[in-house]
Every structure is written in C-alpha cells, then in structure tokens.
>>> print(open('upload-v1.csv').read())   # CSV, C-alpha atoms and all ligand atoms
chain,number,residue,atom,x,y,z
A,22,MET,CA,114.5,120.2,107.0
A,23,LYS,CA,112.6,123.4,107.8
A,24,PHE,CA,109.5,122.8,110.1
A,25,VAL,CA,106.5,124.7,111.2
A,26,GLN,CA,105.0,123.3,114.3
A,27,VAL,CA,101.2,123.8,115.0
A,28,GLY,CA,100.1,123.2,118.6
A,29,VAL,CA,103.0,123.9,120.9
A,30,GLY,CA,101.2,123.5,124.2
A,31,GLY,CA,100.3,120.2,126.0
A,32,PHE,CA,102.1,117.3,124.3
A,33,GLY,CA,103.3,119.7,121.7
A,34,ARG,CA,105.9,120.9,124.3
A,35,HIS,CA,107.5,117.5,124.1
A,36,TRP,CA,107.8,117.9,120.3
A,37,VAL,CA,109.3,121.4,120.7
A,38,ASN,CA,112.2,119.8,122.6
A,39,ILE,CA,112.5,116.9,120.2
A,40,LEU,CA,112.7,119.3,117.2
A,41,LYS,CA,115.2,121.5,119.1
A,42,ASP,CA,117.5,118.5,119.8
A,43,THR,CA,117.4,116.8,116.4
A,44,GLY,CA,120.2,117.5,113.9
A,45,GLY,CA,119.1,118.6,110.5
A,46,VAL,CA,115.9,120.3,111.8
A,47,GLU,CA,115.3,124.0,111.7
A,48,VAL,CA,112.1,125.3,113.2
A,49,VAL,CA,110.9,128.3,111.2
A,50,GLY,CA,107.4,128.7,112.6
A,51,MET,CA,105.4,127.9,115.8
A,52,VAL,CA,101.6,128.2,115.7
A,53,ASP,CA,99.2,128.2,118.6
A,54,VAL,CA,95.9,129.9,119.5
A,55,ASN,CA,97.1,130.2,123.1
A,56,GLU,CA,99.6,133.0,123.9
A,57,ALA,CA,101.0,131.3,127.0
A,58,ALA,CA,101.7,128.1,125.0
A,59,LEU,CA,103.7,130.2,122.4
A,60,GLU,CA,105.5,132.0,125.2
A,61,GLN,CA,106.6,128.8,126.9
A,62,ALA,CA,107.6,127.3,123.5
A,63,CYS,CA,109.8,130.3,122.8
A,64,GLN,CA,111.5,129.9,126.2
A,65,ALA,CA,112.0,126.1,125.7
A,66,SER,CA,113.3,126.4,122.1
A,67,GLY,CA,115.4,129.6,122.7
A,68,ARG,CA,113.6,131.2,119.7
A,69,GLY,CA,112.1,134.7,119.5
A,70,ARG,CA,108.5,135.8,119.0
A,71,ASP,CA,109.3,136.6,115.4
A,72,ILE,CA,108.5,132.9,114.4
A,73,CYS,CA,105.2,132.8,116.3
A,74,PHE,CA,101.8,132.9,114.6
A,75,HIS,CA,98.2,132.4,115.6
A,76,THR,CA,97.1,130.5,112.4
A,77,LEU,CA,98.8,128.0,110.2
A,78,GLU,CA,97.7,129.9,107.1
A,79,GLU,CA,99.6,133.0,108.4
A,80,ALA,CA,102.7,131.0,109.2
A,81,LEU,CA,102.8,129.3,105.8
A,82,SER,CA,102.3,132.6,104.0
A,83,LYS,CA,105.2,134.2,105.8
A,84,VAL,CA,107.9,131.5,106.2
A,85,GLU,CA,109.6,129.1,103.8
A,86,ALA,CA,109.1,125.6,105.2
A,87,ASP,CA,109.5,122.0,104.0
A,88,ALA,CA,107.2,120.3,106.6
A,89,VAL,CA,104.5,120.9,109.1
A,90,LEU,CA,104.4,119.0,112.5
A,91,CYS,CA,100.8,119.0,113.8
A,92,SER,CA,100.3,118.4,117.6
A,93,THR,CA,96.9,120.1,118.0
A,94,PRO,CA,93.8,118.2,119.4
A,95,PRO,CA,92.3,115.5,117.1
A,96,ALA,CA,89.4,117.6,115.9
A,97,VAL,CA,91.8,120.2,114.5
A,98,HIS,CA,94.1,117.8,112.6
A,99,GLU,CA,92.0,117.7,109.4
A,100,HIS,CA,92.3,121.4,109.0
A,101,ASP,CA,96.0,121.6,109.7
A,102,VAL,CA,97.0,118.5,107.8
A,103,VAL,CA,95.0,119.3,104.7
A,104,THR,CA,96.1,123.0,104.7
A,105,ALA,CA,99.7,121.9,104.9
A,106,LEU,CA,99.5,119.2,102.2
A,107,LYS,CA,97.6,121.5,99.8
A,108,ALA,CA,100.3,124.2,100.4
A,109,GLY,CA,102.9,121.6,99.2
A,110,HIS,CA,104.4,120.6,102.5
A,111,HIS,CA,105.2,117.2,104.0
A,112,VAL,CA,103.4,116.5,107.3
A,113,ILE,CA,103.9,114.6,110.5
A,114,SER,CA,100.8,114.6,112.7
A,115,GLU,CA,100.0,113.3,116.1
A,116,LYS,CA,97.7,110.3,116.4
A,117,PRO,CA,94.8,109.8,116.0
A,118,MET,CA,94.5,111.1,112.4
A,119,SER,CA,91.3,112.8,113.3
A,120,ASP,CA,88.2,112.4,115.4
A,121,SER,CA,85.9,110.8,112.7
A,122,MET,CA,86.3,108.4,109.8
A,123,PRO,CA,84.9,110.7,107.2
A,124,ALA,CA,87.6,113.3,108.2
A,125,CYS,CA,90.3,110.6,107.9
A,126,LYS,CA,89.1,109.7,104.4
A,127,ARG,CA,89.3,113.3,103.3
A,128,MET,CA,92.8,113.5,104.7
A,129,LEU,CA,93.8,110.3,102.9
A,130,LYS,CA,92.4,111.8,99.6
A,131,ALA,CA,94.4,115.0,100.2
A,132,ALA,CA,97.6,112.9,100.5
A,133,VAL,CA,96.8,111.1,97.3
A,134,ALA,CA,95.9,114.3,95.4
A,135,THR,CA,99.0,116.2,96.5
A,136,GLY,CA,101.5,113.4,96.5
A,137,ARG,CA,103.1,114.8,99.6
A,138,THR,CA,104.4,112.6,102.5
A,139,TYR,CA,101.9,112.4,105.4
A,140,CYS,CA,103.1,110.4,108.4
A,141,VAL,CA,101.2,109.8,111.6
A,142,SER,CA,103.3,109.6,114.8
A,143,GLN,CA,102.7,106.1,116.2
A,144,ASN,CA,105.6,106.4,118.7
A,145,TYR,CA,104.5,103.3,120.8
A,146,ARG,CA,106.0,101.1,118.0
A,147,TYR,CA,109.4,102.3,118.8
A,148,SER,CA,109.9,101.1,122.3
A,149,PRO,CA,112.3,98.2,122.8
A,150,PRO,CA,109.8,95.8,124.2
A,151,MET,CA,107.1,96.4,121.5
A,152,ALA,CA,109.8,96.2,118.8
A,153,THR,CA,111.0,93.0,120.3
A,154,LEU,CA,107.5,91.4,120.3
A,155,ALA,CA,107.2,92.4,116.6
A,156,GLU,CA,110.6,90.9,115.8
A,157,VAL,CA,109.9,87.5,117.5
A,158,VAL,CA,106.4,87.2,116.0
A,159,ARG,CA,107.5,88.3,112.5
A,160,SER,CA,110.6,86.0,112.5
A,161,GLY,CA,108.1,83.1,112.2
A,162,ARG,CA,109.9,81.2,115.0
A,163,LEU,CA,106.5,80.5,116.7
A,164,GLY,CA,104.5,80.0,113.6
A,165,PRO,CA,101.4,81.8,112.6
A,166,VAL,CA,99.4,83.9,115.1
A,167,GLY,CA,96.1,82.3,116.1
A,168,GLN,CA,94.8,84.5,119.0
A,169,VAL,CA,95.9,87.6,121.0
A,170,LYS,CA,94.6,89.1,124.2
A,171,LEU,CA,95.5,92.6,125.1
A,172,ASP,CA,94.4,94.2,128.3
A,173,PHE,CA,95.0,97.9,129.0
A,174,PHE,CA,93.9,99.2,132.4
A,175,MET,CA,94.8,102.7,133.8
A,176,GLY,CA,93.1,105.4,135.8
A,177,VAL,CA,94.0,108.7,134.2
A,178,ASP,CA,92.8,112.2,135.1
A,179,PHE,CA,93.8,114.7,132.4
A,180,GLY,CA,92.2,117.5,134.5
A,181,GLY,CA,89.9,118.6,131.7
A,182,GLY,CA,90.6,119.2,128.0
A,183,PHE,CA,89.3,117.6,124.8
A,184,ARG,CA,89.4,114.0,126.1
A,185,HIS,CA,86.8,114.7,128.8
A,186,ASP,CA,84.2,115.8,126.3
A,187,MET,CA,84.7,113.1,123.6
A,188,GLU,CA,82.1,110.4,123.0
A,189,TYR,CA,84.7,107.6,123.2
A,190,PRO,CA,87.8,109.1,124.7
A,191,LEU,CA,89.6,105.8,125.4
A,192,VAL,CA,89.0,104.2,122.0
A,193,ILE,CA,89.7,107.4,119.9
A,194,ASP,CA,92.6,109.0,121.8
A,195,MET,CA,94.3,106.0,123.4
A,196,SER,CA,93.3,102.7,121.8
A,197,ILE,CA,94.7,104.0,118.5
A,198,HIS,CA,98.2,103.2,120.0
A,199,HIS,CA,97.1,99.6,120.9
A,200,PHE,CA,95.4,98.9,117.6
A,201,ASP,CA,98.4,100.2,115.7
A,202,LEU,CA,100.6,98.0,117.9
A,203,VAL,CA,98.4,94.9,117.2
A,204,ARG,CA,99.1,95.4,113.4
A,205,PHE,CA,102.8,96.2,114.0
A,206,VAL,CA,103.4,93.2,116.3
A,207,THR,CA,101.4,90.6,114.4
A,208,GLY,CA,102.0,91.8,110.9
A,209,LEU,CA,98.3,91.3,110.3
A,210,ASN,CA,95.6,93.7,109.1
A,211,PRO,CA,92.1,93.8,110.6
A,212,VAL,CA,89.0,92.8,108.7
A,213,SER,CA,86.1,93.4,111.2
A,214,VAL,CA,85.2,94.1,114.8
A,215,ARG,CA,82.5,93.6,117.4
A,216,GLY,CA,82.5,95.7,120.5
A,217,ALA,CA,80.9,97.2,123.6
A,218,ALA,CA,81.6,100.3,125.6
A,219,TRP,CA,80.4,101.6,129.0
A,220,ASN,CA,81.2,104.3,131.6
A,221,PRO,CA,81.5,103.1,135.2
A,222,PRO,CA,79.7,105.4,137.7
A,223,TRP,CA,82.9,106.9,139.1
A,224,SER,CA,84.3,107.9,135.7
A,225,ASN,CA,85.2,111.6,135.3
A,226,TYR,CA,84.8,111.4,131.5
A,227,LYS,CA,81.6,112.3,129.8
A,228,GLY,CA,82.0,109.6,127.1
A,229,ASP,CA,82.4,105.8,127.6
A,230,CYS,CA,85.8,105.1,129.1
A,231,SER,CA,85.8,101.3,129.3
A,232,SER,CA,85.5,99.0,126.4
A,233,THR,CA,85.9,95.5,124.9
A,234,ALA,CA,86.5,94.7,121.2
A,235,LEU,CA,87.0,91.5,119.3
A,236,PHE,CA,88.8,91.9,116.0
A,237,GLU,CA,89.0,89.3,113.2
A,238,MET,CA,92.3,89.7,111.4
A,239,ASP,CA,93.1,88.9,107.7
A,240,ASN,CA,94.5,85.4,108.5
A,241,GLY,CA,91.4,84.5,110.6
A,242,ALA,CA,93.2,85.1,113.9
A,243,ARG,CA,91.1,86.9,116.7
A,244,VAL,CA,92.3,89.7,118.9
A,245,LEU,CA,90.5,90.4,122.1
A,246,TYR,CA,91.0,93.9,123.5
A,247,ASN,CA,89.8,94.9,127.0
A,248,ALA,CA,90.5,98.4,128.2
A,249,SER,CA,89.7,101.1,130.7
A,250,TRP,CA,91.0,104.6,131.3
A,251,CYS,CA,89.1,104.7,134.6
A,252,ALA,CA,90.5,101.6,136.3
A,253,LYS,CA,90.7,101.4,140.0
A,254,GLY,CA,94.3,100.7,140.9
A,255,GLN,CA,95.1,97.4,139.2
A,256,PHE,CA,97.1,99.0,136.4
A,257,SER,CA,99.0,97.8,133.3
A,258,ASP,CA,101.6,100.0,131.8
A,259,TRP,CA,100.8,102.1,128.8
A,260,ASN,CA,101.5,99.3,126.4
A,261,GLY,CA,99.0,97.0,128.1
A,262,ASN,CA,99.4,93.3,129.0
A,263,TRP,CA,99.9,91.1,126.0
A,264,GLN,CA,99.3,87.3,125.4
A,265,ILE,CA,100.2,86.4,121.8
A,266,GLU,CA,99.4,82.8,121.0
A,267,CYS,CA,101.0,81.2,118.0
A,268,GLU,CA,101.1,77.6,116.6
A,269,LYS,CA,104.3,76.8,118.4
A,270,GLY,CA,104.1,78.9,121.5
A,271,THR,CA,103.1,82.0,123.3
A,272,LEU,CA,104.6,85.4,124.0
A,273,VAL,CA,103.6,87.2,127.2
A,274,TYR,CA,104.4,90.8,127.9
A,275,GLN,CA,103.8,92.5,131.2
A,276,ARG,CA,105.3,95.7,132.6
A,277,GLY,CA,108.5,95.6,130.6
A,278,GLU,CA,109.1,91.8,130.7
A,279,ILE,CA,108.7,89.4,127.8
A,280,LYS,CA,108.3,85.7,128.4
A,281,LEU,CA,108.4,83.1,125.6
A,282,LEU,CA,106.7,79.7,126.2
A,283,ASN,CA,107.8,77.1,123.7
A,284,VAL,CA,104.9,74.8,123.0
A,285,PRO,CA,105.8,73.0,119.8
A,286,GLN,CA,103.2,70.2,120.2
A,287,LEU,CA,99.6,70.7,121.3
A,288,TYR,CA,99.6,72.1,124.9
A,289,LYS,CA,102.8,70.9,126.5
A,290,VAL,CA,105.2,73.7,127.5
A,291,GLU,CA,108.7,72.4,126.7
A,292,SER,CA,110.6,75.4,127.9
A,293,GLU,CA,110.2,79.0,129.0
A,294,GLU,CA,112.6,81.9,128.5
A,295,VAL,CA,112.8,85.6,129.2
A,296,VAL,CA,113.4,87.4,126.0
A,297,ARG,CA,116.0,90.3,126.0
A,298,HIS,CA,114.8,93.5,124.4
A,299,ILE,CA,116.4,94.5,121.1
A,300,THR,CA,118.1,97.9,120.9
A,301,LEU,CA,116.8,100.6,118.6
A,302,PRO,CA,118.8,103.5,117.1
A,303,TRP,CA,116.1,105.9,118.5
A,304,THR,CA,112.9,105.5,120.5
A,305,GLY,CA,109.5,107.0,120.4
A,306,GLN,CA,109.0,110.3,118.6
A,307,HIS,CA,112.7,110.5,117.8
A,308,PHE,CA,112.4,107.4,115.7
A,309,VAL,CA,109.2,108.8,114.0
A,310,LEU,CA,111.0,112.0,113.1
A,311,HIS,CA,114.2,110.3,111.8
A,312,ASP,CA,112.2,107.9,109.7
A,313,PHE,CA,110.1,110.8,108.3
A,314,MET,CA,113.1,112.9,107.3
A,315,ALA,CA,115.0,109.9,105.8
A,316,ALA,CA,111.8,108.8,103.9
A,317,VAL,CA,111.4,112.3,102.4
A,318,SER,CA,115.0,112.6,101.4
A,319,GLU,CA,115.1,109.0,100.0
A,320,GLY,CA,111.8,109.3,98.2
A,321,ARG,CA,110.3,106.3,100.1
A,322,ARG,CA,107.2,106.0,102.4
A,323,PRO,CA,107.7,106.4,106.1
A,324,ARG,CA,106.7,103.4,108.2
A,325,THR,CA,103.6,104.9,109.6
A,326,ASP,CA,102.4,107.0,106.7
A,327,VAL,CA,98.7,107.6,106.0
A,328,PHE,CA,98.4,104.5,103.7
A,329,ASP,CA,99.5,102.3,106.6
A,330,ASN,CA,97.8,104.3,109.4
A,331,ILE,CA,94.4,104.2,107.8
A,332,HIS,CA,94.2,100.5,108.8
A,333,SER,CA,94.9,101.5,112.4
A,334,VAL,CA,92.5,104.4,112.6
A,335,GLY,CA,90.0,102.3,110.7
A,336,MET,CA,90.1,99.9,113.7
A,337,VAL,CA,89.2,102.8,115.9
A,338,PHE,CA,86.2,104.1,114.0
A,339,ALA,CA,85.0,100.6,113.1
A,340,THR,CA,85.1,99.8,116.9
A,341,VAL,CA,83.0,103.0,117.5
A,342,ALA,CA,80.5,101.9,114.8
A,343,ALA,CA,80.3,98.4,116.3
A,344,MET,CA,79.8,99.9,119.8
A,345,ARG,CA,77.0,102.2,118.6
A,346,SER,CA,75.2,99.6,116.5
A,347,GLY,CA,75.8,96.4,118.6
A,348,ARG,CA,76.7,94.7,115.3
A,349,THR,CA,79.9,93.6,113.5
A,350,ALA,CA,81.6,96.4,111.6
A,351,SER,CA,84.0,96.2,108.7
A,352,VAL,CA,87.3,98.0,109.3
A,353,LEU,CA,87.7,99.8,105.9
A,354,ASP,CA,85.0,100.4,103.3
A,355,ALA,CA,85.6,99.4,99.6
A,356,GLU,CA,86.5,102.9,98.4
A,357,THR,CA,89.2,103.3,101.1
A,358,ARG,CA,90.6,99.9,100.4
A,359,ARG,CA,90.9,100.8,96.7
A,360,LEU,CA,92.6,104.1,97.5
A,361,VAL,CA,95.1,102.3,99.8
A,362,ALA,CA,95.7,99.4,97.4
A,363,LYS,CA,96.5,101.9,94.6
A,364,ALA,CA,99.1,103.6,96.8
A,365,GLY,CA,100.6,100.2,97.6
A,366,GLY,CA,99.5,100.4,101.3
B,1,LIG,N1,101.8,110.1,121.1
B,1,LIG,C1,101.6,110.3,122.4
B,1,LIG,O1,102.1,109.5,123.2
B,1,LIG,C2,100.6,111.4,122.8
B,1,LIG,C3,100.5,111.8,124.1
B,1,LIG,C4,99.6,112.9,124.4
B,1,LIG,C5,99.0,113.5,123.4
B,1,LIG,N2,99.1,113.0,122.1
B,1,LIG,C6,98.3,113.7,121.0
B,1,LIG,O2,98.8,115.0,120.8
B,1,LIG,C7,97.7,115.8,120.3
B,1,LIG,C8,97.5,117.0,121.3
B,1,LIG,O3,97.1,116.5,122.6
B,1,LIG,P1,97.4,117.4,123.9
B,1,LIG,O4,97.2,116.5,125.0
B,1,LIG,O5,98.7,118.1,123.7
B,1,LIG,O6,96.2,118.5,123.7
B,1,LIG,P2,96.2,119.9,124.5
B,1,LIG,O7,94.8,120.3,124.3
B,1,LIG,O8,96.8,119.8,125.8
B,1,LIG,O9,97.2,120.8,123.6
B,1,LIG,C9,96.9,121.1,122.3
B,1,LIG,C10,97.6,122.4,121.9
B,1,LIG,O10,97.1,122.8,120.6
B,1,LIG,C11,96.6,124.2,120.7
B,1,LIG,N3,95.6,124.4,119.8
B,1,LIG,C12,94.3,124.0,119.9
B,1,LIG,N4,93.6,124.3,118.8
B,1,LIG,C13,94.4,125.0,117.9
B,1,LIG,C14,94.3,125.5,116.7
B,1,LIG,N5,93.2,125.6,116.0
B,1,LIG,N6,95.4,126.1,116.1
B,1,LIG,C15,96.6,126.1,116.8
B,1,LIG,N7,96.8,125.6,118.0
B,1,LIG,C16,95.7,125.0,118.6
B,1,LIG,C17,96.2,124.4,122.1
B,1,LIG,O11,96.2,125.8,122.5
B,1,LIG,C18,97.3,123.6,122.9
B,1,LIG,O12,98.5,124.4,123.1
B,1,LIG,C19,96.5,114.9,120.3
B,1,LIG,O13,96.3,114.4,119.0
B,1,LIG,C20,96.8,113.7,121.2
B,1,LIG,O14,96.2,112.5,121.0
B,1,LIG,C21,99.9,112.0,121.8
>>> encode(input="upload-v1.csv", output="structure tokens", more="lines below")
Ligand SMILES: NC(=O)c1ccc[n+]([C@@H]2O[C@H](COP(=O)([O-])OP(=O)(O)OC[C@H]3O[C@@H](n4cnc5c(N)ncnc54)[C@H](O)[C@@H]3O)[C@@H](O)[C@H]2O)c1
Amino acid sequence: MKFVQVGVGGFGRHWVNILKDTGGVEVVGMVDVNEAALEQACQASGRGRDICFHTLEEALSKVEADAVLCSTPPAVHEHDVVTALKAGHHVISEKPMSDSMPACKRMLKAAVATGRTYCVSQNYRYSPPMATLAEVVRSGRLGPVGQVKLDFFMGVDFGGGFRHDMEYPLVIDMSIHHFDLVRFVTGLNPVSVRGAAWNPPWSNYKGDCSSTALFEMDNGARVLYNASWCAKGQFSDWNGNWQIECEKGTLVYQRGEIKLLNVPQLYKVESEEVVRHITLPWTGQHFVLHDFMAAVSEGRRPRTDVFDNIHSVGMVFATVAAMRSGRTASVLDAETRRLVAKAGG
C-alpha cells in the first residue's frame, strides 16, 4: 500500500520508522511545514528529498498514493483527513480525531460521503495488559460490569508545543486513550457524563490539567475517571490504575499486573489470582497499521474506524461540555447517532 505521511516530526518520527519496517508499505510522500523535520525523516527512512512536500495538496497532486497517514497536531487533522478522503484516499490519523466536536462531525460526514476507510490510531488498545482486561471482561466470566474506577496520574512536561496552549490538554490529548480503553475493555458505550476540571498552581499548562469525570454507560454502569498530567510524584503508568467491578468479581490493573478477585456471592472474596497477559501478533501502532491494511484489502471496517471512534472522541468533548457548564452532558447528539447507526457503528 502506498502511503503519504503528513507530520513527520514529533510523534510522526515514530510512524516514519513503523512505515519503514512494515512489509507491504511503500512511502511515496512525506509532508511537513518544518524543514528540519523533513530532513530528519529522510535520514531515518533512507529516502531522498524528492518525496518531500510542504503541503498535503502538493503531495497528493504529484504522487500516486492509496492512503494518507496523519500525525500532525489535533487542530490540523480536520484539514488533512478531509483533504485526503475527498481526494479518494484511505486515512489513518493520530488521535484525537480533532480539537472540537463540530470538526469531528464534519470529518465523520466526509467519511460517509466519500465511502473511504478512515481509521483513528488508538494504539493503547493493543498492549497485552489492556487486551487481557478486555478479553476477561468480554468473556462474561465475571458477569456484567457494574462500576469502574480509572485513575491516571502523571507529571509530564512536553517543553512547549500545542498541549501547553490547549484549554483542556489532559482531556483532549490524553484522556482520549483512556476513554477509548473504557469502551474497549468493558464493551459498553457511554451515554452521558458529569465532570470538573482545575489547574493546580504549579501546573506548567495554560489549560486545566487535572480532572474528574463520571460516565453513565449504556447498561447503567458508572465509570469514575480521575486524572492529572501535573501530578507530583505518585504516578500510575500511561494506562492508569484500573478497578473493574463485575457481578462475580473484580479485576485490578496496576503497573503491568492484573489481579482477579473471585467474588461469586455478595462481598466474600473466594479466591485471588494473577492473570497472565495474552499475546498479540503485533502491539501498538503496528497493530493499528496491520489492521488498517487488512481491512482495506478485505473490504471490512478496521477496529477503530471513525464510526467506532466517534463514541470515544464524543466522550472527550462531552466531558469538556460538562466541565464548562457544570451540568450533565450527552455523549453523542441525535444527528451523530443516526449517522453512526446508518453505518453500522
Ligand atoms: N498515540 C500516541 O501514543 C501519541 C503520542 C504522542 C502524540 N500523539 C499524537 O500525534 C499527533 C502529533 O503530536 P506530536 O506530539 O508529534 O506534535 P508535534 O507538534 O511535536 O509534531 C507535529 C508535527 O506536525 C508538523 N505540522 C504541524 N502543522 C502542520 C501542517 N499544517 N502540515 C504539515 N505538517 C505540520 C510539525 O512541524 C511537526 O513536525 C497528535 O495528534 C498527538 O495527540 C499520539
């Protein structure tokens, strides 16, 4: 499959290496507004300057491509994704879909109108511990999910860049991973959310960098999410700490270890076990890329295509709306739900 990659600096460098190392991939164009980023990408990929461009439009008019991989900042995604879809290309884009819900809806509509595959890279799903949590919960062994607590605490300094100027950097750029994991692990979709956000005095972000959100899921279960990107030393890992409570027991995840508590009747713990991680054929972005290419060639939807991802990004912007208003916010509006239902998402 022939790819044009737009945004080859920052995290895009990681994608440059993944595309280079993946069989069946040919990179025919690299786009960035930053010369140094293009130069470094050429060195890393072993490709010449002849495949480098400063705009996506220029690249798409000069090279023959099947797909576009978008790893620019969130505010740029709408332009890149819609341009690529309208030019007839399939798309993989970095998360979050965009930096606002109206933009995400326009991107969803572009996917519907063009019929092209549009996949959002939710690489956190494809780590052995998160895939294991999902497998145990979805096996039904513990019965239905009733309540979940997910705590993410890290102190992260990006040294500037788009995150430092965003209004809600944690929720928009990071919690999208956790919200998508909540759906993936529980197999439930969200209905509504209440939330609050704040910025501790020492935070080096302009926007609120700590938050709490309470989701109601479509089976009535509640998910309590507490998070901070300016935590002071007591850190979780990037997946966060999980407590998933089901009718017949609880799964606890912390720093790579999964513990299962068997509680078949009321509150008495009958046994406790450490759950071994399942193995995956690929992890992270490699999984996303293989799934995307297989889906395009088999004419099926990739696992995290736009019709799935709109529920996850909907959680992000409903949380933002709830934080702004102090009220409960619905995750998807009626028009979006109709569009997604029509597409079978
Ligand atoms: N999945 C993950 O684990 C993960 C980790 C980090 C970042 N990301 C995502 O990757 C995306 C990029 O984040 P980043 O940290 O690399 O940002 P960044 O700002 O460090 O890098 C973005 C790159 O895009 C280029 N760029 C900006 N505007 C452009 C435009 N209009 N046209 C072409 N190129 C342009 C920049 O010059 C830069 O090279 C974001 O959506 C972010 O959320 C994902």
>>> residues_around(input="upload-v1.csv", residues="stretch 72-81 of chain A", least_positions_apart="6", cutoff="6 Å", atoms="all atoms listed in the file", output="VMD selection string")
chain A and resid 50 to 54
>>> residues_near_ligand(input="upload-v1.csv", ligand="ligand LIG 1 (chain B)", cutoff="8 Å", atoms="only C-alpha atoms and all ligand atoms", output="PyMOL selection string")
chain A and resi 27-34+52-55+58-59+75-77+91-95+97-98+101+114-119+142-145+182-183+194-195+198+306
>>> residues_around(input="upload-v1.csv", residues="A:Ala342", least_positions_apart="4", cutoff="12 Å", atoms="all atoms listed in the file", output="list in words")
Ser121, Met122, Glu188, Tyr189, Val192, Ile193, Ser213, Val214, Arg215, Gly216, Ala217, Ala218, Ala234, Gly335, Met336, Val337, Phe338, Ser346, Gly347, Arg348, Thr349, Ala350, Ser351, Val352 and Leu353 of chain A
>>> atom_distance(input="upload-v1.csv", atom1="atom CA of A:Phe24", atom2="atom CA of A:Gly136")
18.4 Å
>>> closest_residue(input="upload-v1.csv", among="A:Thr138, A:Asn225, A:Asn38, A:Thr271", to="A:Ile113", atoms="only C-alpha atoms")
A:Thr138
>>> residues_around(input="upload-v1.csv", residues="A:Asn262", least_positions_apart="3", cutoff="7 Å", atoms="only C-alpha atoms", output="list of chain:residue names")
A:Leu171, A:Asp172, A:Phe173, A:Ser257, A:Tyr274, A:Gln275
>>> atom_distance(input="upload-v1.csv", atom1="atom CA of A:His332", atom2="atom CA of A:Trp219")
24.5 Å
>>> closest_residue(input="upload-v1.csv", among="A:Ile265, A:Val141, A:Lys126, A:Phe236", to="A:Ala355", atoms="all atoms listed in the file")
A:Lys126
>>> closest_residue(input="upload-v1.csv", among="A:Arg184, A:Lys289, A:Arg322, A:Lys280", to="A:Ala96", atoms="only C-alpha atoms")
A:Arg184
>>> residues_around(input="upload-v1.csv", residues="A:Ala88", least_positions_apart="2", cutoff="9 Å", atoms="all atoms listed in the file", output="list of chain:residue names")
A:Met22, A:Lys23, A:Phe24, A:Val25, A:Gln26, A:Ala86, A:Leu90, A:Ala105, A:Leu106, A:Gly109, A:His110, A:His111, A:Val112, A:Ile113
>>> closest_residue(input="upload-v1.csv", among="A:His100, A:His35, A:Arg146, A:His185", to="A:His199", atoms="all atoms listed in the file")
A:Arg146
>>> residues_around(input="upload-v1.csv", residues="A:Gly167", least_positions_apart="3", cutoff="6 Å", atoms="all atoms listed in the file", output="MDAnalysis selection string")
chainID A and resid 242 266:267
>>> closest_residue(input="upload-v1.csv", among="A:Thr304, A:Thr153, A:Ser333, A:Thr104", to="A:Leu272", atoms="all atoms listed in the file")
A:Thr153
